[in-house]
file input17.txt (compact mmCIF, C-alpha atoms)
# COMPACT_ATOMS: atom_id res chain seq x y z
CA MET A 1 1.52 45.32 -12.48
CA TYR A 2 -1.71 46.97 -11.39
CA ARG A 3 -2.42 44.26 -8.81
CA TYR A 4 1.00 44.73 -7.19
CA ALA A 5 0.44 48.49 -7.01
CA VAL A 6 -2.92 48.00 -5.32
CA THR A 7 -1.39 45.61 -2.80
CA LEU A 8 1.37 48.06 -1.89
CA LEU A 9 -1.07 50.90 -1.40
CA ALA A 10 -3.42 48.74 0.65
CA LEU A 11 -0.65 47.80 3.05
CA CYS A 12 -0.31 51.53 3.70
CA VAL A 13 -4.05 51.58 4.54
CA PHE A 14 -4.94 52.84 1.10
CA ALA A 15 -7.85 55.26 1.25
CA ILE A 16 -7.91 58.16 -1.19
CA GLY A 17 -9.84 61.12 -0.08
CA ALA A 18 -10.05 64.36 1.69
CA SER A 19 -6.93 66.00 0.32
CA SER A 20 -8.24 66.38 -3.23
CA ALA A 21 -9.23 69.90 -4.19
CA GLN A 22 -9.44 69.31 -7.92
CA SER A 23 -12.54 70.05 -9.96
CA MET A 24 -14.84 67.18 -10.86
CA ALA A 25 -13.29 64.89 -13.43
CA PRO A 26 -13.76 61.42 -14.91
CA ILE A 27 -11.62 58.67 -13.43
CA ASP A 28 -9.38 56.75 -15.81
CA ARG A 29 -9.54 53.26 -14.33
CA MET A 30 -12.10 51.25 -12.44
CA ARG A 31 -12.26 51.98 -8.71
CA LEU A 32 -14.35 50.82 -5.76
CA VAL A 33 -16.02 53.52 -3.66
CA VAL A 34 -17.52 52.51 -0.32
CA LEU A 35 -20.72 54.49 0.15
CA GLY A 36 -21.98 52.63 3.21
CA THR A 37 -20.63 49.83 5.41
CA GLY A 38 -23.57 49.65 7.78
CA THR A 39 -25.95 46.93 8.92
CA PRO A 40 -29.51 47.22 10.26
CA ASN A 41 -27.92 48.68 13.41
CA ALA A 42 -28.54 52.44 13.55
CA ASP A 43 -24.88 53.45 13.64
CA PRO A 44 -24.70 57.18 12.77
CA ASP A 45 -21.11 56.77 11.51
CA ARG A 46 -21.97 54.03 9.01
CA SER A 47 -24.58 54.52 6.34
CA GLY A 48 -26.60 51.60 4.98
CA PRO A 49 -24.80 49.02 2.83
CA ALA A 50 -23.93 50.42 -0.58
CA LEU A 51 -20.94 50.27 -2.90
CA ALA A 52 -20.13 52.02 -6.17
CA ILE A 53 -17.77 51.05 -8.96
CA VAL A 54 -16.72 54.04 -11.02
CA LYS A 55 -14.90 54.42 -14.29
CA GLY A 56 -14.80 57.44 -16.54
CA GLU A 57 -18.02 59.38 -16.09
CA ARG A 58 -20.09 56.29 -15.22
CA SER A 59 -21.00 54.75 -11.90
CA TYR A 60 -22.50 51.38 -11.06
CA LEU A 61 -24.24 51.13 -7.68
CA PHE A 62 -24.48 47.90 -5.69
CA ASP A 63 -27.18 47.78 -3.01
CA ALA A 64 -29.24 50.69 -1.80
CA GLY A 65 -28.82 51.18 1.92
CA PRO A 66 -30.46 54.19 3.57
CA GLY A 67 -28.76 57.47 2.72
CA ILE A 68 -27.18 56.27 -0.53
CA VAL A 69 -27.73 59.38 -2.68
CA ARG A 70 -26.29 61.72 -0.07
CA ARG A 71 -23.39 59.34 0.50
CA ALA A 72 -22.74 59.37 -3.25
CA ALA A 73 -22.77 63.18 -3.16
CA ALA A 74 -20.29 63.15 -0.28
CA ALA A 75 -17.98 60.74 -2.12
CA SER A 76 -18.31 62.80 -5.30
CA ARG A 77 -17.17 65.89 -3.42
CA GLN A 78 -14.46 64.16 -1.37
CA HIS A 79 -12.85 62.38 -4.33
CA SER A 80 -13.78 64.84 -7.11
CA LEU A 81 -15.77 62.16 -8.92
CA VAL A 82 -18.08 63.34 -11.67
CA ALA A 83 -19.39 59.75 -11.94
CA LEU A 84 -21.11 60.03 -8.55
CA GLU A 85 -22.94 63.28 -9.17
CA ALA A 86 -26.63 62.70 -8.48
CA SER A 87 -27.75 63.23 -12.08
CA ARG A 88 -25.44 60.38 -13.19
CA LEU A 89 -26.77 57.71 -10.79
CA ASP A 90 -28.61 55.65 -13.38
CA THR A 91 -27.45 52.02 -12.96
CA MET A 92 -28.05 49.87 -9.88
CA PHE A 93 -27.64 46.22 -8.88
CA LEU A 94 -29.24 44.62 -5.82
CA THR A 95 -27.68 41.59 -4.15
CA HIS A 96 -30.88 40.55 -2.36
CA LEU A 97 -34.07 42.11 -1.05
CA HIS A 98 -33.40 42.48 2.68
CA SER A 99 -34.69 45.88 3.79
CA ASP A 100 -31.29 47.23 4.88
CA HIS A 101 -30.10 46.75 1.28
CA THR A 102 -33.17 48.26 -0.39
CA LEU A 103 -34.52 51.08 1.81
CA GLY A 104 -32.49 53.52 -0.28
CA LEU A 105 -34.01 52.30 -3.55
CA PRO A 106 -36.74 54.97 -3.80
CA ASP A 107 -34.00 57.51 -3.10
CA VAL A 108 -32.06 56.29 -6.15
CA MET A 109 -35.22 56.04 -8.24
CA PHE A 110 -36.48 59.58 -7.60
CA SER A 111 -33.92 61.93 -6.00
CA PRO A 112 -31.52 61.95 -8.99
CA TRP A 113 -34.47 62.67 -11.28
CA VAL A 114 -35.38 65.71 -9.17
CA LEU A 115 -31.70 66.66 -9.53
CA GLU A 116 -31.94 66.52 -13.35
CA ARG A 117 -31.22 62.91 -14.24
CA THR A 118 -32.84 62.32 -17.61
CA ALA A 119 -32.05 58.62 -18.11
CA PRO A 120 -34.40 56.06 -16.55
CA LEU A 121 -32.80 54.04 -13.76
CA ALA A 122 -31.54 50.67 -15.00
CA LEU A 123 -32.16 48.31 -12.08
CA TYR A 124 -31.03 44.68 -11.81
CA GLY A 125 -31.66 42.28 -8.95
CA PRO A 126 -33.06 38.92 -7.88
CA PRO A 127 -36.66 37.91 -8.61
CA GLY A 128 -38.92 40.36 -6.83
CA THR A 129 -36.91 43.38 -7.95
CA THR A 130 -39.32 44.26 -10.76
CA ARG A 131 -42.29 43.90 -8.40
CA MET A 132 -40.61 46.13 -5.82
CA ALA A 133 -39.81 48.82 -8.42
CA ARG A 134 -43.41 48.77 -9.68
CA ALA A 135 -44.75 49.12 -6.15
CA LEU A 136 -42.46 52.06 -5.40
CA GLN A 137 -43.42 53.81 -8.63
CA SER A 138 -47.06 53.38 -7.61
CA ALA A 139 -46.36 54.62 -4.07
CA TYR A 140 -44.78 57.82 -5.41
CA ARG A 141 -47.23 58.42 -8.25
CA ASP A 142 -48.64 61.60 -6.62
CA ASP A 143 -45.14 63.03 -6.28
CA VAL A 144 -44.33 62.18 -9.91
CA ARG A 145 -47.59 63.69 -11.15
CA MET A 146 -47.04 66.91 -9.20
CA ARG A 147 -43.46 67.29 -10.42
CA LEU A 148 -44.47 66.61 -14.03
CA ASP A 149 -47.68 68.62 -14.20
CA GLY A 150 -47.78 70.86 -11.15
CA GLY A 151 -45.57 73.65 -12.40
CA GLU A 152 -42.18 72.40 -11.26
CA PRO A 153 -39.37 72.27 -13.87
CA SER A 154 -38.79 68.58 -14.63
CA ASN A 155 -38.13 66.09 -17.40
CA ARG A 156 -40.47 63.27 -18.36
CA THR A 157 -37.97 60.40 -18.51
CA GLY A 158 -35.69 60.36 -15.46
CA TRP A 159 -38.36 59.21 -12.99
CA ARG A 160 -38.83 55.89 -14.73
CA THR A 161 -37.17 52.61 -13.71
CA ASN A 162 -36.40 49.79 -16.12
CA ALA A 163 -36.10 46.79 -13.83
CA THR A 164 -34.74 43.34 -14.69
CA ASP A 165 -35.10 40.24 -12.52
CA ILE A 166 -31.93 38.11 -12.57
CA ARG A 167 -32.82 34.44 -12.47
CA ARG A 168 -29.49 32.74 -13.13
CA ALA A 169 -25.75 33.29 -12.96
CA GLY A 170 -23.94 34.97 -15.82
CA VAL A 171 -23.46 38.29 -17.57
CA VAL A 172 -26.29 40.70 -16.79
CA MET A 173 -24.89 43.88 -18.33
CA GLU A 174 -22.13 45.00 -20.70
CA ARG A 175 -21.62 48.71 -21.33
CA ASP A 176 -18.66 50.87 -22.31
CA GLY A 177 -16.29 47.94 -21.89
CA VAL A 178 -17.54 47.07 -18.40
CA ARG A 179 -19.01 43.62 -17.84
CA VAL A 180 -21.13 42.76 -14.79
CA GLU A 181 -21.69 39.09 -13.95
CA ALA A 182 -24.13 37.82 -11.35
CA ILE A 183 -22.80 35.18 -8.94
CA PRO A 184 -25.32 33.00 -7.07
CA VAL A 185 -24.47 33.14 -3.37
CA LEU A 186 -25.81 31.42 -0.26
CA HIS A 187 -27.56 33.76 2.12
CA GLY A 188 -29.51 31.64 4.57
CA THR A 189 -32.99 30.78 3.34
CA TRP A 190 -33.15 33.32 0.52
CA THR A 191 -33.98 31.45 -2.70
CA HIS A 192 -32.13 34.02 -4.80
CA ALA A 193 -29.19 36.13 -3.67
CA PHE A 194 -26.28 37.37 -5.78
CA GLY A 195 -22.78 38.70 -5.60
CA TYR A 196 -21.24 40.43 -8.60
CA ARG A 197 -18.00 40.22 -10.57
CA VAL A 198 -17.22 43.42 -12.48
CA SER A 199 -14.42 43.61 -15.04
CA ASP A 200 -13.26 46.02 -17.70
CA GLY A 201 -10.52 43.77 -19.14
CA THR A 202 -7.88 45.35 -16.93
CA THR A 203 -9.33 45.40 -13.43
CA THR A 204 -11.66 42.92 -11.73
CA ILE A 205 -13.70 43.74 -8.63
CA VAL A 206 -15.82 41.12 -6.87
CA ILE A 207 -18.61 42.06 -4.45
CA SER A 208 -19.90 39.32 -2.15
CA GLY A 209 -23.17 40.86 -1.08
CA ASP A 210 -24.49 39.16 2.06
CA ALA A 211 -23.30 35.59 1.86
CA ARG A 212 -21.88 32.62 3.67
CA PRO A 213 -18.98 30.80 1.95
CA SER A 214 -19.80 28.95 -1.28
CA PRO A 215 -17.90 27.39 -4.20
CA ALA A 216 -19.40 29.85 -6.72
CA LEU A 217 -18.26 32.88 -4.77
CA ARG A 218 -14.77 31.46 -4.24
CA GLU A 219 -14.42 30.76 -7.96
CA ALA A 220 -15.56 34.27 -8.87
CA ALA A 221 -13.07 35.82 -6.42
CA ARG A 222 -10.08 33.90 -7.72
CA GLY A 223 -7.35 36.33 -8.77
CA ALA A 224 -9.53 39.45 -8.45
CA ASP A 225 -7.89 42.82 -7.98
CA ILE A 226 -10.36 43.67 -5.22
CA LEU A 227 -12.62 41.36 -3.23
CA ALA A 228 -15.18 43.36 -1.24
CA HIS A 229 -16.60 40.89 1.26
CA GLU A 230 -18.99 41.07 4.20
CA VAL A 231 -17.68 39.71 7.50
CA TYR A 232 -18.36 39.15 11.18
CA SER A 233 -16.01 38.83 14.13
CA THR A 234 -15.18 35.22 14.93
CA HIS A 235 -14.06 36.02 18.47
CA ARG A 236 -17.23 37.94 19.31
CA PHE A 237 -19.49 35.32 17.74
CA SER A 238 -19.66 33.25 20.94
CA THR A 239 -21.11 36.23 22.83
CA ARG A 240 -24.25 36.13 20.71
CA PRO A 241 -27.42 34.29 21.82
CA PRO A 242 -27.78 30.77 20.31
CA GLU A 243 -30.54 31.76 17.88
CA TRP A 244 -28.38 34.58 16.51
CA GLN A 245 -25.38 32.27 16.23
CA ARG A 246 -27.48 29.93 14.09
CA TYR A 247 -28.63 32.84 11.95
CA HIS A 248 -25.22 34.41 11.39
CA SER A 249 -23.46 31.13 10.59
CA SER A 250 -26.11 30.40 7.94
CA PHE A 251 -26.35 33.89 6.45
CA HIS A 252 -22.88 35.43 6.84
CA THR A 253 -19.10 34.85 6.77
CA SER A 254 -16.70 34.90 9.73
CA THR A 255 -13.17 36.28 9.71
CA ARG A 256 -11.93 32.68 10.06
CA GLU A 257 -13.88 31.62 6.96
CA LEU A 258 -12.92 34.72 4.98
CA ALA A 259 -9.23 34.23 5.75
CA ALA A 260 -9.49 30.74 4.25
CA ILE A 261 -11.33 32.09 1.18
CA ALA A 262 -8.74 34.82 0.66
CA ASN A 263 -5.85 32.36 1.01
CA GLU A 264 -7.43 30.13 -1.62
CA THR A 265 -8.45 32.83 -4.12
CA ARG A 266 -5.55 35.31 -3.66
CA PRO A 267 -7.18 38.65 -4.49
CA ALA A 268 -4.76 41.57 -4.57
CA LEU A 269 -6.81 43.37 -1.91
CA VAL A 270 -9.58 42.25 0.47
CA VAL A 271 -11.95 45.02 1.53
CA LEU A 272 -14.10 44.16 4.55
CA TYR A 273 -17.53 45.78 4.52
CA HIS A 274 -21.00 45.27 6.04
CA GLN A 275 -19.02 44.38 9.16
CA LEU A 276 -20.66 42.84 12.22
CA TYR A 277 -18.44 43.94 15.09
CA TRP A 278 -20.33 43.09 18.31
CA GLY A 279 -17.82 45.22 20.18
CA ALA A 280 -14.81 44.53 17.94
CA THR A 281 -13.07 47.30 15.97
CA ASP A 282 -11.78 47.60 12.40
CA GLU A 283 -8.33 46.83 13.74
CA ASP A 284 -9.68 43.75 15.54
CA LEU A 285 -11.20 42.39 12.33
CA VAL A 286 -7.93 42.80 10.43
CA ALA A 287 -6.06 41.21 13.36
CA GLU A 288 -8.44 38.24 13.24
CA MET A 289 -7.77 37.80 9.53
CA ARG A 290 -4.04 37.71 10.36
CA GLU A 291 -4.56 35.33 13.26
CA PHE A 292 -6.41 32.91 11.00
CA GLY A 293 -3.53 32.85 8.54
CA TYR A 294 -4.17 35.52 5.93
CA ALA A 295 -1.03 37.55 5.23
CA GLY A 296 -2.24 39.40 2.13
CA ALA A 297 -3.48 42.97 1.77
CA VAL A 298 -6.67 43.58 3.74
CA VAL A 299 -8.49 46.67 5.02
CA SER A 300 -11.65 47.11 7.05
CA ALA A 301 -13.48 49.81 5.13
CA ARG A 302 -15.15 52.91 6.43
CA ASP A 303 -17.76 54.95 4.59
CA LEU A 304 -16.49 57.11 1.69
CA GLU A 305 -13.15 55.34 1.25
CA MET A 306 -12.01 54.58 -2.30
CA TYR A 307 -9.81 51.70 -3.45
call {"tool": "encode", "arguments": {"input": "input17.txt", "output": "structure tokens"}}
result
Amino acid sequence: MYRYAVTLLALCVFAIGASSAQSMAPIDRMRLVVLGTGTPNADPDRSGPALAIVKGERSYLFDAGPGIVRRAAAASRQHSLVALEASRLDTMFLTHLHSDHTLGLPDVMFSPWVLERTAPLALYGPPGTTRMARALQSAYRDDVRMRLDGGEPSNRTGWRTNATDIRRAGVVMERDGVRVEAIPVLHGTWTHAFGYRVSDGTTTIVISGDARPSPALREAARGADILAHEVYSTHRFSTRPPEWQRYHSSFHTSTRELAAIANETRPALVVLYHQLYWGATDEDLVAEMREFGYAGAVVSARDLEMY
């Protein structure tokens, strides 16, 4: 029943938001919040790639594009979500280690601590994640020392990061009834890149990360309530220089390919994010999905929308 409700709302361009004036409250079922849909392009209207899944008073962050903590604060205010208050940002998953997906990592490691997070950040990602976290903790050691011992009110736990390198597919975290599974995806020449399947027994949300089509990702997406998938415009692809065409076809997924994936896996809602437009619009991307034969519920997301 839930999947049909999501489909109906999506067809009405389902984005919950600005009208809420309620006080902060926990959310009763799992939802996807789009914190950033951007790419390395410096688009001021689209923050760096970052998604959140929220349920109750907990949030789970996926990728750390630039501006993530402020985007979480904006979503918290817009949707009255206690789960996205800065002090509660304590669990993060990285899909891969491209800079546009990790430049916000020190923000998540340290800003919520300054804003009274007491729990260490639990960080999961491909091999290299632990090394990156260690290097960032070293880079900010003077800041940490000053905040701890220089007279500023602070706690001695929230600055820490407990990082885990994911080396194979499977369950990487279970907490409060929420299960997060890592999906190995194909992202060009990266040795390790992951998508994630998140389920609480009622709702399933699949996040592609940056990826070209693959059997593992299709299998994970089968029957999901929400499939959040990166995409580029098929029609604008031919306008790119040959070297960029080779790159994008190896590292990313076109609207033509995604329409075929969605037709095979039948998620209740497809959410396009990390969009490569090259002059196309959100409406153009949805129209391309239709042109290539996908008739199901699909939206091209903008920052701060919730599904």
call {"tool": "closest_residue", "arguments": {"input": "input17.txt", "among": "A:Val286, A:Ala75, A:Leu103, A:Val82", "to": "A:Gly48", "atoms": "all atoms listed in the file"}}
result
A:Leu103
call {"tool": "closest_atom_pairs", "arguments": {"input": "input17.txt", "of": "stretch 140-192 of chain A", "to": "stretch 54-74 of chain A", "cutoff": "12 Å", "atoms": "all atoms listed in the file", "output": "tab-separated table"}}
result
residue	atom	partner	partner_atom	distance
A:Met173	CA	A:Tyr60	CA	10.7
A:Glu174	CA	A:Tyr60	CA	11.6
A:Arg175	CA	A:Arg58	CA	9.9
A:Asp176	CA	A:Arg58	CA	9.0
A:Gly177	CA	A:Lys55	CA	10.1
A:Val178	CA	A:Lys55	CA	8.8
A:Arg179	CA	A:Tyr60	CA	10.9
A:Val180	CA	A:Tyr60	CA	9.5
A:Ala182	CA	A:Phe62	CA	11.6
call {"tool": "atom_distance", "arguments": {"input": "input17.txt", "atom1": "atom CA of A:Thr265", "atom2": "atom CA of A:Tyr232"}}
result
19.3 Å
call {"tool": "residues_near_point", "arguments": {"input": "input17.txt", "point": "(-31.1, 53.2, -6.5)", "cutoff": "10 Å", "atoms": "all atoms listed in the file", "output": "VMD selection string"}}
result
chain A and resid 50 60 to 65 68 to 69 89 to 94 102 to 112 121 to 123 133 161
call {"tool": "write_last_selection", "arguments": {"input": "input17.txt", "atoms": "C-alpha atoms", "output": "short mmCIF file (atom, residue, chain, number, x, y, z; two decimals), in the coordinates of the input"}}
result
data_model
loop_
_atom_site.label_atom_id
_atom_site.label_comp_id
_atom_site.auth_asym_id
_atom_site.auth_seq_id
_atom_site.Cartn_x
_atom_site.Cartn_y
_atom_site.Cartn_z
CA ALA A 50 -23.93 50.42 -0.58
CA TYR A 60 -22.50 51.38 -11.06
CA LEU A 61 -24.24 51.13 -7.68
CA PHE A 62 -24.48 47.90 -5.69
CA ASP A 63 -27.18 47.78 -3.01
CA ALA A 64 -29.24 50.69 -1.80
CA GLY A 65 -28.82 51.18 1.92
CA ILE A 68 -27.18 56.27 -0.53
CA VAL A 69 -27.73 59.38 -2.68
CA LEU A 89 -26.77 57.71 -10.79
CA ASP A 90 -28.61 55.65 -13.38
CA THR A 91 -27.45 52.02 -12.96
CA MET A 92 -28.05 49.87 -9.88
CA PHE A 93 -27.64 46.22 -8.88
CA LEU A 94 -29.24 44.62 -5.82
CA THR A 102 -33.17 48.26 -0.39
CA LEU A 103 -34.52 51.08 1.81
CA GLY A 104 -32.49 53.52 -0.28
CA LEU A 105 -34.01 52.30 -3.55
CA PRO A 106 -36.74 54.97 -3.80
CA ASP A 107 -34.00 57.51 -3.10
CA VAL A 108 -32.06 56.29 -6.15
CA MET A 109 -35.22 56.04 -8.24
CA PHE A 110 -36.48 59.58 -7.60
CA SER A 111 -33.92 61.93 -6.00
CA PRO A 112 -31.52 61.95 -8.99
CA LEU A 121 -32.80 54.04 -13.76
CA ALA A 122 -31.54 50.67 -15.00
CA LEU A 123 -32.16 48.31 -12.08
CA ALA A 133 -39.81 48.82 -8.42
CA THR A 161 -37.17 52.61 -13.71
#
call {"tool": "closest_atom_pairs", "arguments": {"input": "input17.txt", "of": "stretch 30-64 of chain A", "to": "stretch 204-218 of chain A", "cutoff": "9 Å", "atoms": "all atoms listed in the file", "output": "CSV"}}
result
residue,atom,partner,partner_atom,distance
A:Met30,CA,A:Thr204,CA,8.4
A:Arg31,CA,A:Ile205,CA,8.4
A:Leu32,CA,A:Ile205,CA,7.7
A:Leu51,CA,A:Ile207,CA,8.7
A:Ile53,CA,A:Ile205,CA,8.4
A:Phe62,CA,A:Ile207,CA,8.4
A:Asp63,CA,A:Gly209,CA,8.2
call {"tool": "atom_distance", "arguments": {"input": "input17.txt", "atom1": "atom CA of A:Val198", "atom2": "atom CA of A:Thr234"}}
result
28.7 Å
call {"tool": "residues_near_point", "arguments": {"input": "input17.txt", "point": "(-18.2, 51.0, 5.0)", "cutoff": "6 Å", "atoms": "only C-alpha atoms", "output": "PyMOL selection string"}}
result
chain A and resi 34+36-37+273+301-303
call {"tool": "residues_around", "arguments": {"input": "input17.txt", "residues": "stretch 235-248 of chain A", "least_positions_apart": "4", "cutoff": "9 Å", "atoms": "all atoms listed in the file", "output": "PyMOL selection string"}}
result
chain A and resi 188+212+252-255+277-280+288
call {"tool": "write_last_selection", "arguments": {"input": "input17.txt", "atoms": "C-alpha atoms", "output": "PDB file, keeping the file's coordinate frame"}}
result
ATOM      1  CA  GLY A 188     -29.510  31.640   4.570  1.00  0.00           C
ATOM      2  CA  ARG A 212     -21.880  32.620   3.670  1.00  0.00           C
ATOM      3  CA  HIS A 252     -22.880  35.430   6.840  1.00  0.00           C
ATOM      4  CA  THR A 253     -19.100  34.850   6.770  1.00  0.00           C
ATOM      5  CA  SER A 254     -16.700  34.900   9.730  1.00  0.00           C
ATOM      6  CA  THR A 255     -13.170  36.280   9.710  1.00  0.00           C
ATOM      7  CA  TYR A 277     -18.440  43.940  15.090  1.00  0.00           C
ATOM      8  CA  TRP A 278     -20.330  43.090  18.310  1.00  0.00           C
ATOM      9  CA  GLY A 279     -17.820  45.220  20.180  1.00  0.00           C
ATOM     10  CA  ALA A 280     -14.810  44.530  17.940  1.00  0.00           C
ATOM     11  CA  GLU A 288      -8.440  38.240  13.240  1.00  0.00           C
TER      12      GLU A 288
END
call {"tool": "closest_residue", "arguments": {"input": "input17.txt", "among": "A:Met146, A:Ala220, A:Ala86, A:Ala228", "to": "A:Glu181", "atoms": "all atoms listed in the file"}}
result
A:Ala220
call {"tool": "atom_distance", "arguments": {"input": "input17.txt", "atom1": "atom CA of A:His192", "atom2": "atom CA of A:Pro126"}}
result
5.9 Å
call {"tool": "closest_residue", "arguments": {"input": "input17.txt", "among": "A:Arg141, A:Arg222, A:His98, A:Arg290", "to": "A:Arg266", "atoms": "only C-alpha atoms"}}
result
A:Arg222
call {"tool": "residues_around", "arguments": {"input": "input17.txt", "residues": "A:Leu81", "least_positions_apart": "3", "cutoff": "7 Å", "atoms": "only C-alpha atoms", "output": "number ranges by chain"}}
result
A: 24-26, 76-77, 84
call {"tool": "closest_residue", "arguments": {"input": "input17.txt", "among": "A:Ser233, A:Ser199, A:Thr157, A:Ser250", "to": "A:Glu283", "atoms": "only C-alpha atoms"}}
result
A:Ser233
call {"tool": "closest_residue", "arguments": {"input": "input17.txt", "among": "A:Leu115, A:Ala259, A:Leu35, A:Ala139", "to": "A:Leu304", "atoms": "all atoms listed in the file"}}
result
A:Leu35
